[in-house]
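Student: Pasting query_19.csv here (CSV, C-alpha atoms and all ligand atoms):
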chain,number,residue,atom,x,y,z
A,1,MET,CA,-16.5,-26.8,8.6
A,2,SER,CA,-14.6,-23.5,7.9
A,3,PRO,CA,-12.1,-22.1,10.4
A,4,GLN,CA,-13.2,-20.2,13.5
A,5,ILE,CA,-12.2,-16.6,13.4
A,6,PRO,CA,-10.6,-15.2,16.6
A,7,THR,CA,-12.5,-11.9,16.6
A,8,CYS,CA,-11.2,-11.0,20.0
A,9,GLN,CA,-7.8,-10.5,18.5
A,10,LEU,CA,-8.8,-8.2,15.7
A,11,GLY,CA,-7.5,-4.9,17.2
A,12,THR,CA,-4.2,-6.4,18.1
A,13,GLN,CA,-3.8,-7.9,14.6
A,14,LEU,CA,-4.7,-4.6,13.0
A,15,LEU,CA,-1.9,-2.9,15.0
A,16,HIS,CA,0.8,-5.5,15.1
A,17,GLY,CA,0.0,-8.0,12.3
A,18,ASP,CA,2.6,-6.6,10.0
A,19,HIS,CA,5.7,-6.5,12.2
A,20,GLY,CA,8.8,-7.3,10.4
A,21,PRO,CA,12.5,-6.2,10.5
A,22,GLY,CA,13.4,-2.6,10.5
A,23,SER,CA,13.0,0.2,13.1
A,24,GLU,CA,10.3,2.3,11.5
A,25,VAL,CA,7.0,2.2,13.5
A,26,VAL,CA,5.3,3.7,10.5
A,27,PRO,CA,6.9,2.8,7.2
A,28,SER,CA,7.7,5.5,4.7
A,29,ILE,CA,5.7,5.6,1.5
A,30,SER,CA,7.5,3.3,-0.8
A,31,VAL,CA,7.9,5.2,-4.0
A,32,THR,CA,10.6,3.1,-5.6
A,33,SER,CA,9.5,1.2,-8.7
A,34,THR,CA,12.6,-1.1,-8.8
A,35,PHE,CA,14.8,-2.7,-6.2
A,36,ARG,CA,18.6,-3.4,-6.1
A,37,ALA,CA,19.1,-6.9,-7.5
A,38,VAL,CA,20.8,-9.7,-5.6
A,39,PRO,CA,24.2,-10.7,-7.1
A,40,HIS,CA,23.8,-13.9,-9.2
A,41,GLY,CA,20.0,-13.7,-9.1
A,42,ASP,CA,17.7,-14.9,-6.4
A,43,PRO,CA,17.4,-18.7,-6.4
A,44,GLU,CA,14.0,-18.4,-4.8
A,45,GLY,CA,12.7,-16.3,-7.7
A,46,LEU,CA,10.3,-13.4,-7.4
A,47,GLY,CA,9.3,-12.0,-4.0
A,48,ALA,CA,5.6,-12.8,-4.2
A,49,MET,CA,5.5,-14.7,-0.9
A,50,ASN,CA,8.4,-12.9,0.7
A,51,PRO,CA,8.0,-9.2,1.2
A,52,GLU,CA,11.7,-9.0,2.0
A,53,LYS,CA,12.5,-9.9,-1.6
A,54,HIS,CA,11.1,-7.1,-3.6
A,55,VAL,CA,12.2,-6.9,-7.3
A,56,TYR,CA,9.9,-4.5,-9.0
A,57,SER,CA,6.8,-2.7,-7.6
A,58,ARG,CA,4.4,-4.3,-10.1
A,59,TYR,CA,5.3,-7.5,-8.3
A,60,SER,CA,5.4,-6.4,-4.7
A,61,GLN,CA,6.5,-3.6,-2.5
A,62,ASN,CA,7.0,-3.1,1.3
A,63,VAL,CA,3.9,-1.2,2.4
A,64,THR,CA,1.5,-3.3,0.2
A,65,SER,CA,3.0,-6.5,1.6
A,66,ARG,CA,2.5,-5.2,5.2
A,67,VAL,CA,-1.1,-4.4,4.4
A,68,GLU,CA,-1.7,-7.8,2.8
A,69,GLN,CA,-0.2,-9.5,5.9
A,70,ILE,CA,-2.7,-7.8,8.1
A,71,LEU,CA,-5.7,-8.3,5.8
A,72,SER,CA,-4.8,-12.0,5.6
A,73,LYS,CA,-4.7,-12.4,9.4
A,74,VAL,CA,-7.9,-10.5,10.2
A,75,ASN,CA,-9.8,-12.5,7.6
A,76,GLN,CA,-8.1,-15.8,8.4
A,77,GLY,CA,-7.3,-16.3,4.7
A,78,HIS,CA,-4.8,-15.2,2.1
A,79,ALA,CA,-5.4,-11.6,0.9
A,80,ILE,CA,-4.3,-9.7,-2.1
A,81,THR,CA,-5.0,-6.0,-3.0
A,82,TYR,CA,-5.9,-4.2,-6.2
A,83,ALA,CA,-6.2,-0.7,-7.6
A,84,SER,CA,-9.9,-0.6,-6.9
A,85,GLY,CA,-12.9,-2.8,-6.0
A,86,LEU,CA,-13.8,-3.3,-9.6
A,87,ALA,CA,-10.2,-4.1,-10.5
A,88,ALA,CA,-10.4,-6.9,-7.9
A,89,ALA,CA,-13.8,-7.9,-9.3
A,90,PHE,CA,-12.4,-8.3,-12.8
A,91,SER,CA,-9.4,-10.2,-11.5
A,92,ALA,CA,-11.7,-12.6,-9.6
A,93,LEU,CA,-13.6,-13.4,-12.9
A,94,VAL,CA,-10.3,-14.0,-14.7
A,95,HIS,CA,-9.3,-16.3,-11.8
A,96,PHE,CA,-12.5,-18.4,-11.6
A,97,LYS,CA,-13.2,-18.5,-15.4
A,98,PRO,CA,-16.9,-19.3,-14.6
A,99,LYS,CA,-19.0,-21.2,-17.2
A,100,ARG,CA,-22.0,-19.2,-16.0
A,101,ILE,CA,-22.4,-16.4,-13.4
A,102,ALA,CA,-25.4,-16.4,-11.0
A,103,ILE,CA,-26.1,-12.9,-9.8
A,104,SER,CA,-29.2,-11.0,-8.6
A,105,GLY,CA,-29.2,-7.3,-7.7
A,106,GLY,CA,-26.5,-5.7,-5.7
A,107,TYR,CA,-24.0,-3.0,-6.8
A,108,MET,CA,-24.5,-2.1,-10.4
A,109,GLY,CA,-20.7,-1.6,-10.9
A,110,CYS,CA,-20.1,-5.3,-10.4
A,111,HIS,CA,-22.7,-6.1,-13.1
A,112,GLY,CA,-20.7,-3.7,-15.3
A,113,ALA,CA,-17.4,-5.4,-14.5
A,114,ILE,CA,-19.0,-8.8,-15.4
A,115,ALA,CA,-20.3,-7.4,-18.7
A,116,THR,CA,-16.8,-6.0,-19.5
A,117,TYR,CA,-15.2,-9.4,-18.7
A,118,ILE,CA,-17.7,-11.2,-20.9
A,119,LYS,CA,-17.1,-8.8,-23.8
A,120,GLY,CA,-13.5,-9.8,-23.9
A,121,ARG,CA,-14.2,-13.5,-24.1
A,122,PHE,CA,-14.7,-15.6,-27.3
A,123,THR,CA,-17.2,-17.9,-25.6
A,124,ASP,CA,-20.4,-16.7,-24.1
A,125,THR,CA,-20.8,-16.7,-20.3
A,126,PRO,CA,-24.5,-16.8,-19.5
A,127,ILE,CA,-25.8,-14.8,-16.6
A,128,ILE,CA,-28.4,-16.5,-14.4
A,129,SER,CA,-30.3,-15.6,-11.3
A,130,LEU,CA,-29.4,-16.8,-7.8
A,131,ASP,CA,-32.7,-18.6,-7.7
A,132,ASP,CA,-32.1,-20.6,-10.9
A,133,GLU,CA,-30.8,-24.1,-10.9
A,134,PHE,CA,-27.0,-24.2,-10.6
A,135,GLN,CA,-24.6,-26.3,-12.6
A,136,GLU,CA,-21.0,-27.4,-12.3
A,137,GLY,CA,-18.7,-24.6,-13.2
A,138,ASP,CA,-21.1,-21.9,-12.1
A,139,LEU,CA,-19.9,-19.0,-10.0
A,140,CYS,CA,-22.3,-17.6,-7.5
A,141,TRP,CA,-21.6,-13.8,-7.3
A,142,PHE,CA,-23.2,-13.1,-4.1
A,143,GLU,CA,-23.5,-9.7,-2.2
A,144,SER,CA,-24.5,-9.4,1.4
A,145,PRO,CA,-25.5,-7.0,2.8
A,146,LEU,CA,-26.8,-5.6,-0.4
A,147,ASN,CA,-26.0,-2.2,-2.0
A,148,PRO,CA,-28.0,0.0,-1.7
A,149,THR,CA,-30.6,-1.3,0.6
A,150,GLY,CA,-28.4,-2.9,3.3
A,151,GLU,CA,-30.5,-6.1,3.5
A,152,SER,CA,-28.7,-9.4,4.3
A,153,ARG,CA,-28.9,-12.6,2.4
A,154,ASN,CA,-28.2,-16.1,3.7
A,155,ILE,CA,-24.6,-17.0,2.7
A,156,GLN,CA,-24.8,-20.6,3.9
A,157,TYR,CA,-27.9,-21.3,1.9
A,158,TYR,CA,-26.4,-20.2,-1.4
A,159,ALA,CA,-23.0,-21.8,-0.5
A,160,ASP,CA,-24.6,-25.1,0.0
A,161,LYS,CA,-26.7,-24.8,-3.2
A,162,ILE,CA,-23.6,-24.0,-5.3
A,163,HIS,CA,-21.3,-26.5,-3.6
A,164,ALA,CA,-23.9,-29.3,-4.3
A,165,VAL,CA,-23.1,-29.0,-8.0
A,166,GLY,CA,-19.4,-28.3,-7.7
A,167,GLY,CA,-19.5,-24.5,-8.2
A,168,LYS,CA,-18.0,-21.7,-6.1
A,169,LEU,CA,-19.4,-18.8,-4.1
A,170,LEU,CA,-17.7,-15.4,-4.1
A,171,ILE,CA,-19.2,-12.9,-1.7
A,172,ASP,CA,-19.0,-9.2,-2.2
A,173,SER,CA,-18.8,-8.4,1.6
A,174,THR,CA,-18.2,-4.6,1.1
A,175,PHE,CA,-21.1,-3.7,3.4
A,176,GLY,CA,-20.1,-6.3,6.0
A,177,PRO,CA,-16.3,-5.9,6.8
A,178,PRO,CA,-14.6,-7.4,9.8
A,179,PRO,CA,-15.7,-7.5,12.6
A,180,LEU,CA,-19.3,-7.4,11.3
A,181,GLN,CA,-19.3,-10.7,9.4
A,182,TYR,CA,-16.8,-13.5,8.5
A,183,PRO,CA,-18.1,-15.2,5.3
A,184,PHE,CA,-15.7,-18.1,5.4
A,185,LYS,CA,-17.6,-19.3,8.4
A,186,TRP,CA,-20.8,-19.6,6.3
A,187,GLY,CA,-19.2,-21.4,3.4
A,188,ALA,CA,-17.9,-18.7,1.1
A,189,ASP,CA,-15.0,-19.7,-1.2
A,190,CYS,CA,-13.7,-16.2,-1.8
A,191,ILE,CA,-14.3,-12.9,-0.1
A,192,PHE,CA,-14.3,-9.7,-2.1
A,193,HIS,CA,-14.3,-6.1,-0.8
A,194,SER,CA,-14.2,-2.7,-2.2
A,195,GLY,CA,-11.5,-1.6,0.3
A,196,THR,CA,-12.3,1.9,-0.8
A,197,LYS,CA,-15.2,1.8,1.7
A,198,TYR,CA,-14.7,0.5,5.3
A,199,PHE,CA,-11.1,-0.7,5.1
A,200,GLY,CA,-9.9,2.7,3.8
A,201,GLY,CA,-12.6,4.4,5.9
A,202,HIS,CA,-11.5,8.0,5.2
A,203,SER,CA,-12.8,8.6,1.6
A,204,ASP,CA,-9.3,9.1,0.4
A,205,LEU,CA,-8.2,6.0,-1.4
A,206,LEU,CA,-9.3,3.4,-4.0
A,207,CYS,CA,-8.6,-0.2,-3.3
A,208,GLY,CA,-10.0,-3.7,-3.9
A,209,ILE,CA,-9.3,-6.8,-1.8
A,210,ILE,CA,-9.7,-10.5,-2.5
A,211,ILE,CA,-9.3,-13.1,0.2
A,212,VAL,CA,-9.0,-16.8,-0.7
A,213,LYS,CA,-8.5,-19.9,1.5
A,214,THR,CA,-5.1,-21.1,0.3
A,215,GLU,CA,-1.7,-19.7,-0.4
A,216,ALA,CA,-1.8,-21.6,-3.8
A,217,GLU,CA,-4.9,-19.6,-4.9
A,218,ARG,CA,-3.4,-16.4,-3.7
A,219,GLU,CA,-0.3,-17.1,-5.7
A,220,GLN,CA,-2.4,-17.6,-8.9
A,221,LEU,CA,-4.1,-14.3,-8.2
A,222,TRP,CA,-0.8,-12.6,-7.6
A,223,HIS,CA,0.6,-14.1,-10.9
A,224,ASP,CA,-2.4,-12.6,-12.8
A,225,ARG,CA,-2.0,-9.3,-11.0
A,226,VAL,CA,1.6,-9.1,-12.2
A,227,TYR,CA,0.5,-9.4,-15.8
A,228,MET,CA,-2.7,-7.3,-15.5
A,229,GLY,CA,-0.8,-4.6,-13.7
A,230,ASN,CA,-3.8,-3.6,-11.6
A,231,MET,CA,-2.0,-3.3,-8.2
A,232,MET,CA,-2.8,-0.7,-5.7
A,233,GLY,CA,-0.7,2.5,-5.8
A,234,SER,CA,2.1,3.3,-3.3
A,235,LEU,CA,0.2,6.2,-1.7
A,236,GLU,CA,-3.0,4.2,-1.4
A,237,SER,CA,-1.1,1.3,0.2
A,238,TRP,CA,0.3,3.7,2.8
A,239,LEU,CA,-3.1,5.3,3.5
A,240,LEU,CA,-4.7,1.9,3.8
A,241,LEU,CA,-2.1,0.7,6.4
A,242,ARG,CA,-2.8,3.9,8.3
A,243,SER,CA,-6.6,3.2,8.1
A,244,LEU,CA,-6.3,-0.5,9.2
A,245,ARG,CA,-4.9,0.6,12.6
A,246,THR,CA,-8.3,2.0,13.7
A,247,MET,CA,-10.7,-0.3,11.8
A,248,HIS,CA,-11.8,-2.1,15.0
A,249,LEU,CA,-12.8,1.2,16.5
A,250,ARG,CA,-14.4,2.7,13.5
A,251,ILE,CA,-16.6,-0.1,12.2
A,252,PRO,CA,-18.4,-1.0,15.5
A,253,ARG,CA,-19.1,2.6,16.1
A,254,GLN,CA,-20.5,3.1,12.5
A,255,SER,CA,-22.5,-0.1,12.9
A,256,ALA,CA,-24.0,1.0,16.2
A,257,ASN,CA,-24.8,4.5,14.9
A,258,GLY,CA,-26.2,3.0,11.7
A,259,THR,CA,-28.4,0.5,13.5
A,260,GLU,CA,-29.8,3.1,15.9
A,261,ILE,CA,-30.6,5.5,13.1
A,262,ALA,CA,-32.2,2.9,10.8
A,263,GLN,CA,-34.5,1.7,13.6
A,264,TRP,CA,-35.3,5.2,14.7
A,265,LEU,CA,-36.2,6.2,11.1
A,266,ASN,CA,-38.3,3.0,10.8
A,267,ARG,CA,-40.3,4.1,13.8
A,268,ALA,CA,-41.0,7.4,12.0
A,269,ILE,CA,-43.1,5.6,9.3
A,270,VAL,CA,-46.3,7.1,10.5
A,271,PRO,CA,-49.3,8.6,8.6
A,272,GLU,CA,-49.3,12.2,7.4
A,273,GLY,CA,-50.6,14.5,10.1
A,274,GLN,CA,-48.8,12.5,12.8
A,275,GLU,CA,-45.2,12.6,13.9
A,276,TYR,CA,-42.6,10.5,15.6
A,277,ASP,CA,-39.9,12.1,17.8
A,278,GLY,CA,-40.2,15.4,15.8
A,279,ILE,CA,-40.1,13.6,12.4
A,280,PRO,CA,-43.3,14.5,10.3
A,281,GLY,CA,-45.4,11.5,9.2
A,282,GLY,CA,-46.0,10.7,5.6
A,283,VAL,CA,-42.4,11.5,4.5
A,284,ILE,CA,-40.6,8.2,5.0
A,285,THR,CA,-42.4,5.2,3.6
A,286,LYS,CA,-39.8,2.4,4.0
A,287,VAL,CA,-36.5,1.7,5.7
A,288,TRP,CA,-34.3,-1.3,4.7
A,289,HIS,CA,-31.7,-2.6,7.1
A,290,SER,CA,-30.4,-6.0,8.2
A,291,SER,CA,-31.6,-5.3,11.7
A,292,LEU,CA,-35.2,-4.8,10.5
A,293,GLN,CA,-35.4,-8.2,8.6
A,294,LYS,CA,-37.5,-10.9,10.2
A,295,PRO,CA,-36.1,-14.5,10.1
A,296,ASP,CA,-37.2,-16.0,6.8
A,297,ALA,CA,-38.8,-19.4,5.9
A,298,ASN,CA,-35.4,-21.1,6.1
A,299,GLY,CA,-34.8,-19.6,9.6
A,300,PHE,CA,-32.2,-17.2,8.3
A,301,ASP,CA,-31.6,-14.5,11.0
A,302,PRO,CA,-29.1,-11.7,9.9
A,303,ALA,CA,-28.1,-11.2,13.5
A,304,VAL,CA,-26.4,-14.6,13.6
A,305,GLN,CA,-24.6,-14.1,10.3
A,306,MET,CA,-23.6,-10.5,11.3
A,307,GLU,CA,-22.1,-11.5,14.6
A,308,GLY,CA,-20.1,-8.2,15.0
A,309,GLY,CA,-23.0,-5.9,14.4
A,310,PHE,CA,-25.3,-4.8,11.5
A,311,ASN,CA,-24.3,-2.7,8.5
A,312,ALA,CA,-23.8,1.1,8.7
A,313,CYS,CA,-25.1,1.8,5.2
A,314,PHE,CA,-28.8,1.4,4.2
A,315,SER,CA,-31.6,3.0,2.3
A,316,ILE,CA,-34.9,4.8,3.0
A,317,LEU,CA,-37.8,5.4,0.6
A,318,LEU,CA,-39.4,8.8,0.7
A,319,SER,CA,-43.0,9.6,-0.4
A,320,LYS,CA,-42.2,12.3,-3.1
A,321,ILE,CA,-39.4,12.6,-5.6
A,322,GLU,CA,-38.7,16.2,-4.6
A,323,TYR,CA,-38.1,14.9,-1.0
A,324,ALA,CA,-35.5,12.4,-2.3
A,325,GLU,CA,-33.9,15.1,-4.5
A,326,LYS,CA,-33.6,17.5,-1.6
A,327,LEU,CA,-32.7,15.4,1.4
A,328,ALA,CA,-29.0,15.0,0.9
A,329,HIS,CA,-28.6,18.7,0.2
A,330,SER,CA,-30.7,19.8,3.2
A,331,LEU,CA,-28.4,18.0,5.8
A,332,GLU,CA,-25.6,19.7,7.5
A,333,TYR,CA,-23.4,16.8,8.8
A,334,PHE,CA,-24.2,14.3,6.1
A,335,VAL,CA,-22.1,15.0,3.0
A,336,PRO,CA,-24.1,14.9,-0.2
A,337,ALA,CA,-21.9,12.4,-2.1
A,338,THR,CA,-21.8,8.9,-3.5
A,339,SER,CA,-19.6,6.1,-2.0
A,340,LEU,CA,-19.9,5.0,1.6
A,341,GLY,CA,-18.0,3.7,4.5
A,342,GLY,CA,-16.1,6.9,5.4
A,343,VAL,CA,-15.8,8.2,8.9
A,344,GLU,CA,-18.1,11.1,7.8
A,345,SER,CA,-21.8,10.3,7.2
A,346,SER,CA,-23.0,10.8,3.6
A,347,ALA,CA,-26.4,10.7,1.8
A,348,GLU,CA,-27.3,10.2,-1.8
A,349,GLN,CA,-30.4,10.0,-4.0
A,350,ARG,CA,-29.2,6.8,-5.5
A,351,LEU,CA,-30.7,7.6,-8.9
A,352,ASN,CA,-27.8,9.9,-9.4
A,353,SER,CA,-25.4,7.0,-9.5
A,354,ASP,CA,-27.7,4.2,-10.8
A,355,PRO,CA,-30.2,5.3,-13.5
A,356,LYS,CA,-32.2,2.1,-12.9
A,357,GLU,CA,-32.8,2.9,-9.2
A,358,ASN,CA,-36.1,4.0,-7.7
A,359,PRO,CA,-36.0,7.8,-7.7
A,360,LEU,CA,-37.6,7.9,-4.2
A,361,LEU,CA,-34.7,5.9,-2.7
A,362,VAL,CA,-32.0,7.7,-0.6
A,363,ARG,CA,-29.0,5.8,0.6
A,364,LEU,CA,-27.4,6.8,4.0
A,365,SER,CA,-23.9,5.9,5.0
A,366,ILE,CA,-23.4,6.4,8.7
A,367,GLY,CA,-20.1,7.6,10.1
A,368,ILE,CA,-18.6,8.0,13.5
A,369,GLU,CA,-20.1,11.3,14.5
A,370,GLU,CA,-22.2,11.6,17.7
A,371,VAL,CA,-25.4,9.8,16.9
A,372,THR,CA,-27.6,12.5,18.6
A,373,ASP,CA,-26.2,15.1,16.2
A,374,LEU,CA,-26.9,12.9,13.2
A,375,LYS,CA,-30.5,12.4,14.4
A,376,ASP,CA,-31.0,16.1,15.0
A,377,ASP,CA,-29.6,16.8,11.5
A,378,LEU,CA,-32.0,14.2,9.9
A,379,ARG,CA,-35.0,15.4,11.9
A,380,ARG,CA,-34.4,19.1,10.9
A,381,ALA,CA,-33.8,18.2,7.3
A,382,LEU,CA,-36.9,16.0,7.1
A,383,VAL,CA,-39.0,18.8,8.6
A,384,GLU,CA,-37.6,21.3,6.1
A,385,ILE,CA,-38.2,19.2,3.0
A,386,SER,CA,-41.7,18.3,4.2
A,387,LYS,CA,-42.5,22.1,4.3
A,388,GLY,CA,-41.3,22.4,0.7
A,389,ASN,CA,-38.2,24.3,1.6
B,401,LIG,C1,-20.8,-3.4,-2.9
B,401,LIG,C2,-19.8,-2.8,-3.8
B,401,LIG,N1,-18.9,-3.6,-4.5
B,401,LIG,C3,-18.0,-3.1,-5.2
B,401,LIG,C4,-17.8,-1.7,-5.4
B,401,LIG,C5,-16.7,-1.2,-6.3
B,401,LIG,O1,-15.6,-0.7,-5.6
B,401,LIG,P1,-14.7,0.4,-6.1
B,401,LIG,O2,-15.4,1.7,-6.3
B,401,LIG,O3,-13.6,0.5,-5.1
B,401,LIG,O4,-14.1,0.0,-7.5
B,401,LIG,C6,-18.6,-0.8,-4.7
B,401,LIG,C7,-18.4,0.6,-4.9
B,401,LIG,O5,-19.3,1.4,-4.5
B,401,LIG,C8,-19.6,-1.4,-3.9
B,401,LIG,O6,-20.4,-0.6,-3.2
Go ahead and render the structure in this file as C-alpha cells.
Ligand SMILES: Cc1ncc(COP(=O)(O)O)c(C=O)c1O
Tutor:
Amino acid sequence: MSPQIPTCQLGTQLLHGDHGPGSEVVPSISVTSTFRAVPHGDPEGLGAMNPEKHVYSRYSQNVTSRVEQILSKVNQGHAITYASGLAAAFSALVHFKPKRIAISGGYMGCHGAIATYIKGRFTDTPIISLDDEFQEGDLCWFESPLNPTGESRNIQYYADKIHAVGGKLLIDSTFGPPPLQYPFKWGADCIFHSGTKYFGGHSDLLCGIIIVKTEAEREQLWHDRVYMGNMMGSLESWLLLRSLRTMHLRIPRQSANGTEIAQWLNRAIVPEGQEYDGIPGGVITKVWHSSLQKPDANGFDPAVQMEGGFNACFSILLSKIEYAEKLAHSLEYFVPATSLGGVESSAEQRLNSDPKENPLLVRLSIGIEEVTDLKDDLRRALVEISKGN
C-alpha cells in the first residue's frame, strides 16, 4: 500500500517546507551560474542532494532546491524540476527506457515528445493502447483527468494491470494537482506535471515536474538532467516558489468554480427554443467533467480518486462550428488563449492548438474570479453567439 498523504498540512508545507539557513524570508533570484569552490574540493562531491553545496547552476541552485524541497513534501515523494512539462516528459522517457509505451488520448504534446524520443533511438519502441495486453518492460503513459475533456480515468485499475506484468505507470497529473488527487495512493510509480499550469498558476512561467518514490530514482533523474541541461531557469524557479505559497488557496477555489460552472452548463443542454437560467437551448450539446461521470462497470468513481475536488479545466461541445469559433472571443473575463491553470479564466476552440480535435469543442480553464461573474459572462456570450453576433 502506498503512503498516506497528510493533506491537512498542505498549506503549511507550501509556506514553510523550504526553511533553511539564512535570514531572507523571500530568497533573491539566484542569477549566479557558478559558485565559489571549497578549498581542496568537496569530499561529498556535487551538491545534488545538499542544496547548501552548490557548484554550478546546471547541477543545482538555491531557489530551485527550495522549490524541489516543497514539491517533494507536498507530493510525499522526491521531486525534480525541468525547463517545461515536455522537457520533463522527455526526461521521464530517458529514465524509464520503456520497451513499449501504452498511451491512449490525452495531451497531444506528450504524444509529440514520445515520437521525438523514439526518433532518436536505434531500436523501435512500439506504441500500444491502454486497453491492449501489457508486457514486462512496458510503460503505461497515463493521463487523468484528461486534456482537453477533463474526464477522469481509474489510476488503480491501470496500475494493477501494468504491475501484474512488471511494468510501470507514469501519470500525467497536470489536470489534478495537489490537493485534488494524490496518484501515489492509487498505485502510480511516477507523477508528472506540467508545472506551467496549476503549480505556476499565473501564466508567467514554464516548468515541468517529476515526482518519484525514492531518493535513488531522483538521483538518477538529476544525473540525466545535469547532462541533458534541461533545468528550469533562475527566474522561473523564483516565480514558482512565489506561486507555491498560495497553491492551497488557488486550487480549491478553481476546482469549486470549475465544478459549479461545468454542472451549470450541463444543465443548459436543452432543446432549441427552450432555455436554462438565461442560456439559450440548442447551443451546448455536451459537457465533459469528472463530476459528471457516472461510476463505471469497475465501480470507478472519480469523486473518490479526486479527494480534494474535481478539475477546474474541462470542455464543452457546441452545436455549430461558428459558435465554437466565436465563443472565446465573445467573453469578457475569459482570456481567449491556449494553456490552462492560471488564476484568470481562459477559453479556447481546441482545434486552434490541436488540428485533430473536433472543431465544435471549446476548452474552458476556470480561474479564481467570482463565479457569478463568470456565469454572467458565459450566459451573455452564449446569447450573443446564438444570435449570430
Ligand atoms: C496535460 C499536459 N501535459 C503536459 C503538457 C506540457 O507542458 P508544457 O507546456 O509545460 O511543456 C501540457 C501543456 O499544455 C498539458 O496540458
Student: Would you be able to write out as a PDB file with C-alpha atoms, in the coordinates of the input which residues have an atom within 10 Å of (-18.9, -10.2, 0.7) in the file's coordinates, counting only C-alpha atoms?
Tutor:
ATOM      1  CA  TRP A 141     -21.600 -13.800  -7.300  1.00  0.00           C
ATOM      2  CA  PHE A 142     -23.200 -13.100  -4.100  1.00  0.00           C
ATOM      3  CA  GLU A 143     -23.500  -9.700  -2.200  1.00  0.00           C
ATOM      4  CA  SER A 144     -24.500  -9.400   1.400  1.00  0.00           C
ATOM      5  CA  PRO A 145     -25.500  -7.000   2.800  1.00  0.00           C
ATOM      6  CA  LEU A 146     -26.800  -5.600  -0.400  1.00  0.00           C
ATOM      7  CA  ILE A 155     -24.600 -17.000   2.700  1.00  0.00           C
ATOM      8  CA  LEU A 169     -19.400 -18.800  -4.100  1.00  0.00           C
ATOM      9  CA  LEU A 170     -17.700 -15.400  -4.100  1.00  0.00           C
ATOM     10  CA  ILE A 171     -19.200 -12.900  -1.700  1.00  0.00           C
ATOM     11  CA  ASP A 172     -19.000  -9.200  -2.200  1.00  0.00           C
ATOM     12  CA  SER A 173     -18.800  -8.400   1.600  1.00  0.00           C
ATOM     13  CA  THR A 174     -18.200  -4.600   1.100  1.00  0.00           C
ATOM     14  CA  PHE A 175     -21.100  -3.700   3.400  1.00  0.00           C
ATOM     15  CA  GLY A 176     -20.100  -6.300   6.000  1.00  0.00           C
ATOM     16  CA  PRO A 177     -16.300  -5.900   6.800  1.00  0.00           C
ATOM     17  CA  GLN A 181     -19.300 -10.700   9.400  1.00  0.00           C
ATOM     18  CA  TYR A 182     -16.800 -13.500   8.500  1.00  0.00           C
ATOM     19  CA  PRO A 183     -18.100 -15.200   5.300  1.00  0.00           C
ATOM     20  CA  PHE A 184     -15.700 -18.100   5.400  1.00  0.00           C
ATOM     21  CA  ALA A 188     -17.900 -18.700   1.100  1.00  0.00           C
ATOM     22  CA  CYS A 190     -13.700 -16.200  -1.800  1.00  0.00           C
ATOM     23  CA  ILE A 191     -14.300 -12.900  -0.100  1.00  0.00           C
ATOM     24  CA  PHE A 192     -14.300  -9.700  -2.100  1.00  0.00           C
ATOM     25  CA  HIS A 193     -14.300  -6.100  -0.800  1.00  0.00           C
ATOM     26  CA  SER A 194     -14.200  -2.700  -2.200  1.00  0.00           C
ATOM     27  CA  ILE A 210      -9.700 -10.500  -2.500  1.00  0.00           C
TER      28      ILE A 210
END
Student: Enter the distance from atom CA of Ile103 of chain A to atom CA of Asp131 of chain A, in Å, rounded to one decimal.
Tutor: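 Answer for the atom CA of Ile103 of chain A to atom CA of Asp131 of chain A separation: 9.0 Å.
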Student: If we count all atoms listed in the file and set the cut-off at 9 Å, which residues sit around Leu374 of chain A, ignoring sequence neighbours fewer than 2 positions away in its own chain? Please answer as a ChimeraX atom specification.
Tutor: /A:257,261,332-334,345,366,369-372,376-379
Student: In the coordinate frame of the file, compute which residues have an atom within 6 Å of (-24.5, 1.3, 8.1) when using only C-alpha atoms, and state them as number ranges by chain.
Tutor: A: 255, 258, 311-314, 365-366
Student: Hey, which residues come within 6 Å of ligand LIG 401 (chain B) if we count all atoms listed in the file? Could you give them as JSON, numbers by chain?
Tutor: {"A": [84, 85, 86, 107, 147, 174, 194, 196, 206, 207, 208, 339]}
Student: If you measure from atom CA of Glu133 of chain A to atom CA of Pro98 of chain A, what distance in Å do you get, rounded to one decimal?
Tutor: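 These two atoms are separated by 15.2 Å.
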Student: From the set A:Leu382, A:Leu327, A:Ile118, A:Ile128, which residue has the shortest atom-to-atom contact distance to Arg100 of chain A, counting only C-alpha atoms?
Tutor: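 Nearest to Arg100 of chain A: A:Ile128.
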Student: Taking only residues of segment 2-121 of chain A that have an atom at most 6 Å from an atom of segment 211-234 of chain A, what is each one's shortest atom pair and its distance in Å to one decimal, using all atoms listed in the file, in chain and number order, as JSON lines?
Tutor:
{"residue": "A:Ser30", "atom": "CA", "partner": "A:Ser234", "partner_atom": "CA", "distance": 6.0}
{"residue": "A:Arg58", "atom": "CA", "partner": "A:Val226", "partner_atom": "CA", "distance": 5.9}
{"residue": "A:Tyr59", "atom": "CA", "partner": "A:Val226", "partner_atom": "CA", "distance": 5.6}
{"residue": "A:Gly77", "atom": "CA", "partner": "A:Lys213", "partner_atom": "CA", "distance": 5.0}
{"residue": "A:His78", "atom": "CA", "partner": "A:Val212", "partner_atom": "CA", "distance": 5.3}
{"residue": "A:Ala79", "atom": "CA", "partner": "A:Ile211", "partner_atom": "CA", "distance": 4.2}
{"residue": "A:Tyr82", "atom": "CA", "partner": "A:Met231", "partner_atom": "CA", "distance": 4.5}
{"residue": "A:Ala83", "atom": "CA", "partner": "A:Met232", "partner_atom": "CA", "distance": 3.9}
Student: Take the residues from that selection and put them in a file with C-alpha atoms, as a tab-separated table (two decimals), keeping the file's coordinate frame.
Tutor:
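Output file part_34.tsv follows:
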chain	number	residue	atom	x	y	z
A	30	SER	CA	7.50	3.30	-0.80
A	58	ARG	CA	4.40	-4.30	-10.10
A	59	TYR	CA	5.30	-7.50	-8.30
A	77	GLY	CA	-7.30	-16.30	4.70
A	78	HIS	CA	-4.80	-15.20	2.10
A	79	ALA	CA	-5.40	-11.60	0.90
A	82	TYR	CA	-5.90	-4.20	-6.20
A	83	ALA	CA	-6.20	-0.70	-7.60
Student: I'd like to know which of A:Val270, A:Val67, A:Ile162, A:Ala381 is closest to Leu14 of chain A, using all atoms listed in the file.
Tutor: A:Val67
Student: For the atom pair atom CA of Ile284 of chain A and atom CA of Gly105 of chain A, what is the interatomic distance in Å to one decimal place?
Tutor: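 For atom CA of Ile284 of chain A relative to atom CA of Gly105 of chain A, the distance reads 23.1 Å.
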